[in-house]
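A.B. asks: start_14.txt is the file, holding compact mmCIF, C-alpha atoms:
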# COMPACT_ATOMS: atom_id res chain seq x y z
CA MET B 1 126.89 68.68 269.63
CA GLN B 2 127.90 68.07 266.02
CA VAL B 3 125.35 66.03 264.09
CA SER B 4 125.37 64.91 260.50
CA MET B 5 122.61 63.29 258.52
CA ASN B 6 121.81 62.46 254.94
CA ILE B 7 118.73 64.41 253.94
CA ASN B 8 117.32 63.75 250.47
CA GLY B 9 120.72 62.43 249.36
CA GLU B 10 122.72 65.35 250.70
CA GLU B 11 124.94 65.26 253.79
CA ILE B 12 123.95 68.02 256.20
CA SER B 13 126.06 68.72 259.30
CA ASP B 14 125.62 71.29 262.01
CA ASP B 15 126.27 71.99 265.65
CA VAL B 16 123.07 71.71 267.71
CA GLU B 17 121.93 71.63 271.31
CA PRO B 18 120.94 68.09 272.33
CA ARG B 19 117.38 69.32 272.92
CA THR B 20 116.97 70.41 269.30
CA LEU B 21 114.00 68.63 267.75
CA LEU B 22 114.48 66.98 264.38
CA VAL B 23 111.75 69.10 262.81
CA HIS B 24 113.57 72.27 263.86
CA PHE B 25 116.85 70.93 262.47
CA ILE B 26 115.16 70.15 259.15
CA ARG B 27 113.48 73.56 258.89
CA GLU B 28 116.09 75.84 260.42
CA ASN B 29 119.46 74.16 259.98
CA ALA B 30 118.82 72.34 256.72
CA GLY B 31 116.49 75.08 255.44
CA LEU B 32 113.87 72.60 254.25
CA THR B 33 110.58 74.22 255.18
CA GLY B 34 108.27 71.80 253.37
CA THR B 35 107.95 69.83 256.60
CA ASN B 36 105.37 71.69 258.67
CA ILE B 37 104.92 71.98 262.41
CA GLY B 38 101.30 71.54 263.40
CA CYS B 39 100.31 70.39 266.87
CA ASP B 40 103.91 69.92 268.05
CA SER B 41 102.72 67.03 270.22
CA SER B 42 102.88 63.96 267.91
CA SER B 43 99.16 64.02 267.18
CA CYS B 44 98.60 65.76 263.84
CA GLY B 45 101.30 64.26 261.61
CA ALA B 46 102.07 67.52 259.73
CA CYS B 47 105.78 67.01 260.52
CA THR B 48 105.91 63.45 259.12
CA LEU B 49 109.07 62.55 257.22
CA HIS B 50 110.94 59.33 256.55
CA LEU B 51 113.71 58.20 258.90
CA ASN B 52 115.55 55.26 257.33
CA GLY B 53 112.56 54.74 255.04
CA GLU B 54 109.82 54.78 257.68
CA ALA B 55 107.34 57.55 258.45
CA VAL B 56 107.99 59.24 261.78
CA LYS B 57 106.77 62.42 263.44
CA SER B 58 109.80 64.68 263.50
CA CYS B 59 108.44 66.81 266.38
CA THR B 60 108.99 63.79 268.63
CA VAL B 61 112.49 62.87 267.55
CA LEU B 62 115.65 64.66 268.68
CA ALA B 63 118.09 65.75 265.99
CA VAL B 64 120.78 63.82 267.88
CA GLN B 65 118.71 60.64 267.51
CA ALA B 66 118.83 61.08 263.72
CA ASP B 67 122.60 61.65 263.70
CA GLY B 68 124.14 59.48 261.00
CA GLN B 69 120.76 58.36 259.64
CA GLU B 70 119.03 58.75 256.27
CA LEU B 71 116.07 61.07 255.95
CA THR B 72 113.65 61.91 253.19
CA THR B 73 111.46 64.98 253.39
CA ILE B 74 108.69 66.11 251.05
CA GLU B 75 111.33 68.00 249.02
CA GLY B 76 113.07 64.69 248.31
CA LEU B 77 110.14 62.88 246.69
CA ALA B 78 109.92 64.46 243.24
CA ASP B 79 112.46 63.69 240.54
CA GLY B 80 113.18 67.17 239.27
CA ASP B 81 109.97 68.39 237.63
CA ILE B 82 108.45 64.92 237.69
CA LEU B 83 106.20 64.49 240.69
CA HIS B 84 106.32 61.34 242.79
CA PRO B 85 103.28 59.15 241.93
CA MET B 86 101.75 59.99 245.30
CA GLN B 87 102.16 63.73 244.70
CA GLN B 88 100.70 63.28 241.21
CA ALA B 89 97.71 61.41 242.64
CA PHE B 90 97.13 64.12 245.26
CA HIS B 91 97.24 66.67 242.44
CA GLU B 92 94.85 64.78 240.18
CA CYS B 93 92.37 63.94 242.95
CA HIS B 94 92.54 67.45 244.43
CA ALA B 95 93.48 65.84 247.74
CA LEU B 96 94.10 69.11 249.52
CA GLN B 97 92.23 72.16 250.63
CA CYS B 98 94.40 74.55 252.66
CA GLY B 99 97.43 72.31 252.08
CA TYR B 100 98.96 72.52 255.54
CA CYS B 101 98.66 68.80 256.30
CA THR B 102 99.63 67.81 252.75
CA PRO B 103 103.42 67.23 253.10
CA GLY B 104 102.92 65.02 256.15
CA MET B 105 99.92 63.31 254.57
CA VAL B 106 101.93 62.49 251.42
CA MET B 107 104.92 61.19 253.40
CA ALA B 108 102.66 59.02 255.58
CA ALA B 109 100.87 57.71 252.47
CA VAL B 110 104.13 56.76 250.73
CA SER B 111 105.24 54.89 253.87
CA LEU B 112 101.84 53.17 254.04
CA LEU B 113 102.13 51.86 250.47
CA ASP B 114 105.65 50.62 251.22
CA GLU B 115 104.13 48.42 253.93
CA VAL B 116 100.75 47.67 252.34
CA PRO B 117 101.19 47.97 248.55
CA GLN B 118 97.58 47.10 247.70
CA PRO B 119 95.47 48.61 250.48
CA SER B 120 91.71 48.56 250.83
CA GLU B 121 89.93 51.82 251.61
CA ALA B 122 89.83 50.73 255.26
CA ASP B 123 93.59 50.09 255.19
CA VAL B 124 94.16 53.61 253.90
CA ARG B 125 91.90 55.24 256.47
CA GLU B 126 93.53 53.28 259.29
CA GLY B 127 97.02 53.78 257.87
CA LEU B 128 96.56 57.54 257.89
CA GLU B 129 95.13 57.68 261.41
CA GLY B 130 98.21 59.57 262.54
CA ASN B 131 97.55 62.49 260.20
CA LEU B 132 94.86 65.10 260.75
CA CYS B 133 93.33 67.30 258.04
CA ARG B 134 91.53 70.12 259.79
CA CYS B 135 89.77 71.05 256.54
CA THR B 136 88.37 67.50 256.94
CA GLY B 137 89.33 66.79 253.34
CA TYR B 138 89.79 63.09 253.92
CA HIS B 139 87.57 61.87 251.08
CA ASN B 140 89.88 62.99 248.30
CA ILE B 141 93.01 62.13 250.27
CA VAL B 142 91.84 58.52 250.57
CA ALA B 143 90.93 58.53 246.87
CA ALA B 144 94.41 59.81 245.97
CA VAL B 145 96.19 57.12 247.98
CA LEU B 146 94.03 54.43 246.40
CA GLN B 147 94.75 55.87 242.94
CA ALA B 148 98.49 55.91 243.65
CA ALA B 149 98.20 52.26 244.71
CA GLY B 150 96.66 51.40 241.33
CA GLY B 151 92.99 52.01 241.94
CA PRO B 152 90.45 50.94 244.57
CA ARG B 153 90.15 47.32 245.59
CA MET F 1 107.60 73.23 272.73
CA ILE F 2 111.24 72.59 273.51
CA PRO F 3 112.59 70.50 276.39
CA VAL F 4 114.68 71.96 279.20
CA ALA F 5 118.37 71.73 278.27
CA PHE F 6 120.07 68.45 279.16
CA ASP F 7 123.34 66.64 278.68
CA TYR F 8 123.18 63.91 276.06
CA GLU F 9 124.99 60.60 276.34
CA ARG F 10 124.78 57.91 273.68
CA ALA F 11 125.18 54.41 275.12
CA THR F 12 127.22 51.99 273.04
CA SER F 13 126.30 48.86 275.03
CA THR F 14 124.05 47.76 277.87
CA ASP F 15 127.03 47.89 280.24
CA HIS F 16 127.83 51.42 279.07
CA ALA F 17 124.22 52.46 279.69
CA LEU F 18 124.32 50.95 283.18
CA SER F 19 127.58 52.71 284.00
CA LEU F 20 126.08 56.03 282.86
CA LEU F 21 123.06 55.39 285.09
CA ALA F 22 125.36 54.54 288.00
CA GLU F 23 127.25 57.77 287.42
CA HIS F 24 124.25 60.09 287.14
CA GLY F 25 121.70 58.41 289.45
CA ASP F 26 118.20 59.86 289.50
CA GLU F 27 119.29 62.83 287.35
CA ALA F 28 119.38 60.56 284.28
CA LYS F 29 116.62 59.11 282.12
CA LEU F 30 116.93 56.41 279.49
CA LEU F 31 115.76 57.38 276.00
CA ALA F 32 114.68 54.52 273.71
CA GLY F 33 112.25 55.47 270.91
CA GLY F 34 111.35 58.63 272.82
CA HIS F 35 107.60 58.46 272.30
CA SER F 36 106.77 58.47 275.99
CA LEU F 37 109.68 60.49 277.37
CA LEU F 38 110.03 63.26 274.75
CA PRO F 39 106.39 64.44 274.98
CA LEU F 40 106.79 64.68 278.78
CA MET F 41 110.02 66.64 278.32
CA LYS F 42 108.43 68.96 275.76
CA TYR F 43 105.55 69.67 278.15
CA ARG F 44 108.26 70.15 280.79
CA LEU F 45 106.63 67.57 283.03
CA ALA F 46 110.02 65.83 282.98
CA ALA F 47 113.37 67.61 282.98
CA PRO F 48 116.18 65.07 283.35
CA ALA F 49 119.66 66.61 283.63
CA VAL F 50 121.09 63.76 281.59
CA VAL F 51 119.47 61.79 278.77
CA VAL F 52 121.08 58.41 278.07
CA ASP F 53 120.17 57.38 274.53
CA ILE F 54 119.92 53.59 274.30
CA GLY F 55 118.17 53.70 270.93
CA ARG F 56 121.16 52.28 269.08
CA LEU F 57 121.58 49.14 271.17
CA THR F 58 120.32 46.95 268.34
CA ASP F 59 121.26 43.79 270.24
CA LEU F 60 118.23 44.52 272.45
CA SER F 61 115.88 44.41 269.44
CA TYR F 62 114.84 40.80 268.87
CA ILE F 63 111.95 38.36 269.06
CA ARG F 64 112.89 34.75 269.71
CA SER F 65 111.44 31.52 270.89
CA ASP F 66 112.94 30.23 274.15
CA GLY F 67 111.26 26.94 275.03
CA GLU F 68 107.81 27.66 276.46
CA VAL F 69 108.43 31.39 276.40
CA LEU F 70 108.65 34.11 273.77
CA ALA F 71 111.53 36.47 274.57
CA ILE F 72 111.33 40.01 273.19
CA GLY F 73 114.17 42.51 273.50
CA ALA F 74 113.19 45.70 275.29
CA LEU F 75 114.20 47.88 272.34
CA THR F 76 112.01 46.04 269.82
CA ARG F 77 109.86 48.61 268.08
CA HIS F 78 106.07 48.36 268.15
CA ARG F 79 105.90 47.89 264.39
CA ASP F 80 108.27 44.90 264.58
CA VAL F 81 106.17 43.31 267.33
CA GLU F 82 102.89 44.02 265.54
CA ILE F 83 103.82 42.20 262.32
CA ASN F 84 105.97 39.40 263.76
CA ASP F 85 104.71 35.90 262.92
CA LEU F 86 105.92 34.37 266.22
CA VAL F 87 104.17 37.05 268.25
CA ARG F 88 101.00 36.62 266.24
CA SER F 89 100.91 32.85 266.57
CA GLU F 90 102.18 32.38 270.13
CA VAL F 91 100.98 35.49 271.99
CA GLY F 92 98.41 36.98 269.60
CA LEU F 93 96.99 39.30 272.25
CA LEU F 94 100.26 41.23 272.34
CA ALA F 95 100.22 41.72 268.56
CA ALA F 96 96.61 42.94 268.71
CA ALA F 97 97.31 45.37 271.57
CA THR F 98 100.46 46.66 269.88
CA ALA F 99 98.54 47.38 266.67
CA LYS F 100 96.34 49.72 268.74
CA VAL F 101 99.22 51.81 270.10
CA GLY F 102 99.19 55.38 268.79
CA ASP F 103 99.44 55.44 265.01
CA PRO F 104 101.84 54.04 262.38
CA GLN F 105 104.41 56.81 262.88
CA VAL F 106 104.42 56.26 266.64
CA ARG F 107 104.74 52.49 266.15
CA HIS F 108 107.76 52.98 263.89
CA ARG F 109 109.64 54.66 266.73
CA GLY F 110 108.20 53.54 270.07
CA THR F 111 109.57 50.43 271.75
CA LEU F 112 107.96 47.68 273.85
CA GLY F 113 110.38 48.23 276.72
CA GLY F 114 110.01 51.98 276.61
CA SER F 115 106.25 51.78 276.83
CA LEU F 116 106.35 49.31 279.74
CA ALA F 117 109.07 51.19 281.65
CA HIS F 118 106.98 54.36 281.39
CA GLY F 119 104.38 52.67 283.61
CA ASP F 120 101.39 54.62 282.33
CA PRO F 121 98.06 53.09 283.43
CA ALA F 122 96.48 54.57 280.27
CA SER F 123 98.76 52.73 277.85
CA ASP F 124 97.78 49.50 276.12
CA LEU F 125 100.78 47.20 276.47
CA PRO F 126 100.99 46.86 280.27
CA ALA F 127 97.43 45.48 280.36
CA ALA F 128 98.28 42.95 277.65
CA LEU F 129 101.41 41.88 279.51
CA ILE F 130 99.42 41.44 282.72
CA ALA F 131 96.78 39.34 280.94
CA LEU F 132 99.50 37.19 279.37
CA ARG F 133 101.32 36.80 282.72
CA GLY F 134 104.54 38.09 281.26
CA THR F 135 107.70 38.85 283.18
CA LEU F 136 110.34 41.53 282.83
CA ILE F 137 114.10 41.05 282.87
CA ILE F 138 115.89 43.87 284.64
CA GLN F 139 119.61 44.41 284.56
CA GLY F 140 121.44 46.45 287.17
CA PRO F 141 124.76 46.79 288.98
CA SER F 142 124.00 43.76 291.15
CA GLY F 143 123.06 41.52 288.23
CA ILE F 144 119.93 40.36 286.48
CA ARG F 145 116.52 39.83 288.06
CA GLU F 146 113.11 38.79 286.77
CA VAL F 147 109.91 40.49 287.92
CA ALA F 148 106.29 39.50 287.24
CA ALA F 149 104.19 42.12 285.45
CA ASP F 150 101.91 42.42 288.52
CA ASP F 151 104.88 43.44 290.69
CA PHE F 152 106.50 45.68 288.07
CA PHE F 153 103.82 48.36 287.87
CA THR F 154 103.84 49.99 291.30
CA GLY F 155 102.01 53.31 290.81
CA PHE F 156 101.15 56.15 288.43
CA LEU F 157 104.15 56.33 286.05
CA GLU F 158 106.07 54.31 288.66
CA THR F 159 107.65 50.90 288.25
CA ASP F 160 109.89 48.55 290.17
CA LEU F 161 112.90 49.76 288.12
CA GLY F 162 115.63 51.32 290.23
CA ASP F 163 117.44 54.48 289.11
CA ASP F 164 120.48 52.37 288.24
CA GLU F 165 118.59 49.60 286.45
CA MET F 166 117.46 48.96 282.89
CA LEU F 167 114.70 46.82 281.41
CA THR F 168 116.32 44.53 278.86
CA GLU F 169 113.82 41.80 277.95
CA VAL F 170 110.16 40.89 278.16
CA ARG F 171 109.25 37.21 278.52
CA ILE F 172 105.78 35.92 277.73
CA PRO F 173 104.56 32.35 278.19
CA LYS F 174 103.39 30.98 274.84
CA VAL F 175 99.67 30.41 274.55
CA PRO F 176 99.18 29.30 270.94
CA ASN F 177 95.78 27.75 271.64
CA ALA F 178 94.38 30.52 273.81
CA ARG F 179 91.69 32.83 272.51
CA TRP F 180 92.05 36.50 273.18
CA SER F 181 90.61 39.95 272.59
CA PHE F 182 91.87 43.49 273.01
CA GLN F 183 89.10 46.01 273.60
CA LYS F 184 90.05 49.68 273.44
CA PHE F 185 87.48 52.42 273.84
CA ASN F 186 88.42 55.93 272.84
CA ARG F 187 86.84 58.92 271.14
CA ARG F 188 89.40 59.46 268.38
CA ALA F 189 91.55 56.95 266.51
CA GLN F 190 94.94 57.76 267.99
CA ASP F 191 93.83 58.70 271.51
CA TRP F 192 94.74 56.88 274.68
CA ALA F 193 92.10 54.44 275.81
CA ILE F 194 89.41 55.92 278.05
CA VAL F 195 89.20 52.31 279.25
CA GLY F 196 90.66 49.16 277.72
CA ALA F 197 90.49 45.45 278.45
CA ALA F 198 93.07 42.85 277.46
CA VAL F 199 91.54 39.38 277.67
CA MET F 200 93.16 35.96 277.22
CA VAL F 201 91.28 32.70 277.77
CA GLY F 202 93.03 29.33 277.71
CA SER F 203 91.63 25.84 278.31
CA ASP F 204 91.94 26.19 282.10
CA SER F 205 93.24 29.70 282.55
CA CYS F 206 92.15 33.29 282.10
CA GLY F 207 94.01 36.59 282.14
CA VAL F 208 92.40 40.04 282.19
CA GLY F 209 94.35 43.30 282.35
CA LEU F 210 92.60 46.66 282.42
CA VAL F 211 93.72 49.98 280.95
CA ASN F 212 93.06 53.24 282.80
CA MET F 213 91.05 51.66 285.63
CA ASP F 214 93.40 52.41 288.51
CA SER F 215 96.51 54.43 289.31
CA ARG F 216 98.53 51.64 287.70
CA PRO F 217 97.96 48.96 285.05
CA ILE F 218 95.81 46.46 286.91
CA ARG F 219 94.65 42.82 286.85
CA ALA F 220 90.91 42.07 287.12
CA MET F 221 91.38 39.17 289.54
CA GLY F 222 87.68 38.68 290.24
CA VAL F 223 86.91 38.25 286.56
CA GLU F 224 89.71 35.71 286.11
CA ALA F 225 88.55 33.63 289.10
CA ALA F 226 84.94 33.72 287.89
CA VAL F 227 85.85 32.56 284.38
CA VAL F 228 88.03 29.73 285.67
CA SER F 229 85.18 28.57 287.95
CA GLY F 230 82.82 28.45 284.96
CA ALA F 231 80.86 31.70 285.21
CA SER F 232 79.28 33.18 282.09
CA ALA F 233 80.95 36.14 280.36
CA THR F 234 78.21 38.45 281.64
CA ASP F 235 78.47 37.26 285.24
CA ALA F 236 82.28 37.30 285.24
CA ALA F 237 82.49 40.76 283.67
CA ALA F 238 80.10 42.16 286.28
CA THR F 239 83.00 42.08 288.75
CA ALA F 240 85.47 43.88 286.42
CA ALA F 241 85.51 47.18 288.31
CA ASP F 242 85.23 45.79 291.83
CA GLY F 243 87.67 47.40 294.22
CA LEU F 244 89.27 49.60 291.57
CA GLU F 245 89.75 53.36 291.76
CA PRO F 246 89.74 54.70 288.20
CA PRO F 247 90.76 58.28 287.47
CA THR F 248 88.37 61.09 286.59
CA ASP F 249 89.20 63.36 283.66
CA LEU F 250 87.36 65.33 280.98
CA ASN F 251 86.56 62.13 279.08
CA ALA F 252 85.03 60.10 281.87
CA GLY F 253 84.18 59.99 285.57
CA VAL F 254 84.44 57.02 287.90
CA ASP F 255 80.93 55.61 287.25
CA TYR F 256 81.33 55.77 283.46
CA ARG F 257 84.77 54.14 283.58
CA CYS F 258 83.44 51.32 285.78
CA HIS F 259 80.59 50.82 283.31
CA LEU F 260 83.04 50.72 280.41
CA ALA F 261 85.26 48.22 282.23
CA ARG F 262 82.30 45.84 282.67
CA VAL F 263 81.09 46.23 279.07
CA LEU F 264 84.54 45.92 277.48
CA THR F 265 85.47 42.95 279.65
CA ARG F 266 82.24 41.19 278.70
CA ARG F 267 82.85 41.86 275.00
CA GLY F 268 86.42 40.65 275.36
CA LEU F 269 85.35 37.45 277.11
CA GLU F 270 82.66 36.78 274.51
CA GLU F 271 85.13 37.33 271.69
CA SER F 272 87.47 34.92 273.49
CA GLY F 273 84.85 32.19 273.44
CA CYS F 274 83.39 32.50 276.97
Translate the structure described by the file into structure tokens.
C.D. replies:
Amino acid sequence: MQVSMNINGEEISDDVEPRTLLVHFIRENAGLTGTNIGCDSSSCGACTLHLNGEAVKSCTVLAVQADGQELTTIEGLADGDILHPMQQAFHECHALQCGYCTPGMVMAAVSLLDEVPQPSEADVREGLEGNLCRCTGYHNIVAAVLQAAGGPR
Amino acid sequence: MIPVAFDYERATSTDHALSLLAEHGDEAKLLAGGHSLLPLMKYRLAAPAVVVDIGRLTDLSYIRSDGEVLAIGALTRHRDVEINDLVRSEVGLLAAATAKVGDPQVRHRGTLGGSLAHGDPASDLPAALIALRGTLIIQGPSGIREVAADDFFTGFLETDLGDDEMLTEVRIPKVPNARWSFQKFNRRAQDWAIVGAAVMVGSDSCGVGLVNMDSRPIRAMGVEAAVVSGASATDAAATAADGLEPPTDLNAGVDYRCHLARVLTRRGLEESGC
């Protein structure tokens, strides 16, 4: 089945089987490998990207469901060499260890601030409950999200 | 994990979806947000020959006041239910239970109707609907019918929905003055409840639905009767597990689940002012 979607401002079309998962389309058809596959069962959040502006787990969405929709992946956040404020905050707070969860964590955090612009620490911890860091590096991740939101409240 | 191959049909209207169901019978499954069905398909516990995608029927995504009832379209996403002012003020228990479903990403995609039609005794929303005495509007080839939540959930992952029918709306009596509590006990933030209790207490009424305490989402009738007759929260909650047959899994056996049901029901009743 022919599907077409706008990914990071670019129209991407391809012929896929209906059972193709969105995360596979992003990585293999669109060639955007910043979105990682972790648990592959909608638990870990490594595959989080934005579908029409909202964070979703792309391992649990079919590519055909995203046909005609707008997507943003981790590659679409930075403006050229200028990091997105969330990426900058992750960098400054050293909010990563092995880095595998980082793309999904950043995408979930950006979506969280869209919905809760001035979160408390509890809001951040609850808002990122769908993303697992198996290095258990949560302390600096929470600090980074609070910094990106303008400092702790 | 990749699902077994299937034919994909995208419904353009409720009537179109119903005609596709009529054509394909029990070989077809409806796909809404996909957060119950797709995991089953990826684990290959479900392998429908035809997937009918109803996710674009935006006319089934709404929350509106209809006299004494709040009407919610089956395709309303969890996030939209969770933050809706009408839901929060008129049927607050549903907003609280919805906020406990999965995680933010799941709530952006999953739908109220999809979760209910899945009929999972471990999921949060059926228990809330039972406590709130909600009803379900079902559309099929012979017309529209309304079913009470108690009669909708018929077994493990089984509901009253026929192969050629579709859940279109959920109706919940408004209880703006009721007090309520949603108690969910699990080991990790995004896990299913090991046991949960949805509690609603009005001036002369009480509703208690339990999560994961039987093969289907279940009403704690003994607790409700005890509360209405004036029993204390502790005495009423003591009956929470009576007659129920909870599952055993790696998280909990029968005795522990029954204990949790009594404790969570008591906490829920206390938080609801009993």
A.B. asks: For segment 9-15 of chain B, find every residue with an atom within 10 Å (counting all atoms listed in the file), except residues of its own chain fewer than 3 positions away, and show them as a PDB file with C-alpha atoms, in the coordinates of the input.
C.D. replies:
ATOM      1  CA  MET B   1     126.890  68.680 269.630  1.00  0.00           C
ATOM      2  CA  GLN B   2     127.900  68.070 266.020  1.00  0.00           C
ATOM      3  CA  VAL B   3     125.350  66.030 264.090  1.00  0.00           C
ATOM      4  CA  SER B   4     125.370  64.910 260.500  1.00  0.00           C
ATOM      5  CA  MET B   5     122.610  63.290 258.520  1.00  0.00           C
ATOM      6  CA  ASN B   6     121.810  62.460 254.940  1.00  0.00           C
ATOM      7  CA  PRO B  18     120.940  68.090 272.330  1.00  0.00           C
ATOM      8  CA  PHE B  25     116.850  70.930 262.470  1.00  0.00           C
ATOM      9  CA  ILE B  26     115.160  70.150 259.150  1.00  0.00           C
ATOM     10  CA  ASN B  29     119.460  74.160 259.980  1.00  0.00           C
ATOM     11  CA  ALA B  30     118.820  72.340 256.720  1.00  0.00           C
ATOM     12  CA  ASP B  67     122.600  61.650 263.700  1.00  0.00           C
ATOM     13  CA  GLY B  68     124.140  59.480 261.000  1.00  0.00           C
ATOM     14  CA  GLN B  69     120.760  58.360 259.640  1.00  0.00           C
ATOM     15  CA  GLU B  70     119.030  58.750 256.270  1.00  0.00           C
ATOM     16  CA  LEU B  71     116.070  61.070 255.950  1.00  0.00           C
ATOM     17  CA  THR B  72     113.650  61.910 253.190  1.00  0.00           C
ATOM     18  CA  GLY B  76     113.070  64.690 248.310  1.00  0.00           C
TER      19      GLY B  76
END
A.B. asks: Counting only C-alpha atoms, which residue out of B:Ile37, B:Val23, B:Val110, B:Ala144 sits closest to Leu77 of chain B?
C.D. replies: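 The shortest atom-to-atom distance to Leu77 of chain B comes from B:Val110.
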A.B. asks: Could you write out as a list in words the residues of chain B within 8 Å of chain F, counting only C-alpha atoms?
C.D. replies: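 Contact residues on the first chain: Glu17, Pro18, Arg19, Thr20, Leu21, Asp40, Ser41, Ser42, Ser43, Thr48, Glu54, Ala55, Val56, Lys57, Thr60, Val61, Gln65, Ala108, Gly127, Leu128, Glu129 and Gly130 of chain B.
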A.B. asks: Compare F:Gly143, F:Gly209, F:Gly273, F:Pro217 by their minimum atom-to-atom distance to Ser232 of chain F, counting only C-alpha atoms, and give me the closest one.
C.D. replies: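 Distance minimum relative to Ser232 of chain F lands on F:Gly273.
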A.B. asks: Compile the contact shell of Ala97 of chain F as a list of chain:residue names: residues with an atom at most 10 Å away, counting all atoms listed in the file, same-chain residues fewer than 3 positions apart removed.
C.D. replies: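 Close residues of Ala97 of chain F: F:His78, F:Glu82, F:Gly92, F:Leu93, F:Leu94, F:Lys100, F:Val101, F:Ser123, F:Asp124, F:Leu125, F:Pro126, F:Ala127, F:Ala128, F:Leu129, F:Ser181, F:Phe182, F:Gln183, F:Lys184, F:Gly196, F:Ala197, F:Ala198.
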A.B. asks: Given the point (100.2, 55.9, 286.9) in the coordinates of this file, which residues lie within 7 Å, counting only C-alpha atoms, and how would they look as a list in words?
C.D. replies: Gly119, Asp120, Pro121, Gly155, Phe156, Leu157, Glu158, Ser215 and Arg216 of chain F
A.B. asks: Got a minute to add N, CA and C atoms to segment 33-45 of chain F and dump it as a compact mmCIF listing (two decimals), in the frame of the given file?
C.D. replies:
# COMPACT_ATOMS: atom_id res chain seq x y z
N GLY F 33 112.84 54.86 272.10
CA GLY F 33 112.25 55.47 270.91
C GLY F 33 111.87 56.92 271.16
N GLY F 34 111.64 57.24 272.44
CA GLY F 34 111.35 58.63 272.82
C GLY F 34 109.88 59.01 272.78
N HIS F 35 108.99 58.05 272.47
CA HIS F 35 107.60 58.46 272.30
C HIS F 35 106.78 58.51 273.57
N SER F 36 107.38 58.17 274.69
CA SER F 36 106.77 58.47 275.99
C SER F 36 107.53 59.61 276.67
N LEU F 37 108.86 59.52 276.63
CA LEU F 37 109.68 60.49 277.37
C LEU F 37 109.69 61.88 276.71
N LEU F 38 109.89 61.94 275.38
CA LEU F 38 110.03 63.26 274.75
C LEU F 38 108.78 64.13 274.90
N PRO F 39 107.56 63.59 274.73
CA PRO F 39 106.39 64.44 274.98
C PRO F 39 106.39 65.01 276.41
N LEU F 40 106.74 64.18 277.40
CA LEU F 40 106.79 64.68 278.78
C LEU F 40 107.83 65.79 278.92
N MET F 41 108.96 65.62 278.24
CA MET F 41 110.02 66.64 278.32
C MET F 41 109.61 67.91 277.60
N LYS F 42 108.87 67.77 276.49
CA LYS F 42 108.43 68.96 275.76
C LYS F 42 107.39 69.74 276.57
N TYR F 43 106.52 69.00 277.27
CA TYR F 43 105.55 69.67 278.15
C TYR F 43 106.21 70.15 279.44
N ARG F 44 107.48 69.81 279.59
CA ARG F 44 108.26 70.15 280.79
C ARG F 44 107.68 69.53 282.06
N LEU F 45 107.05 68.37 281.88
CA LEU F 45 106.63 67.57 283.03
C LEU F 45 107.79 66.69 283.49
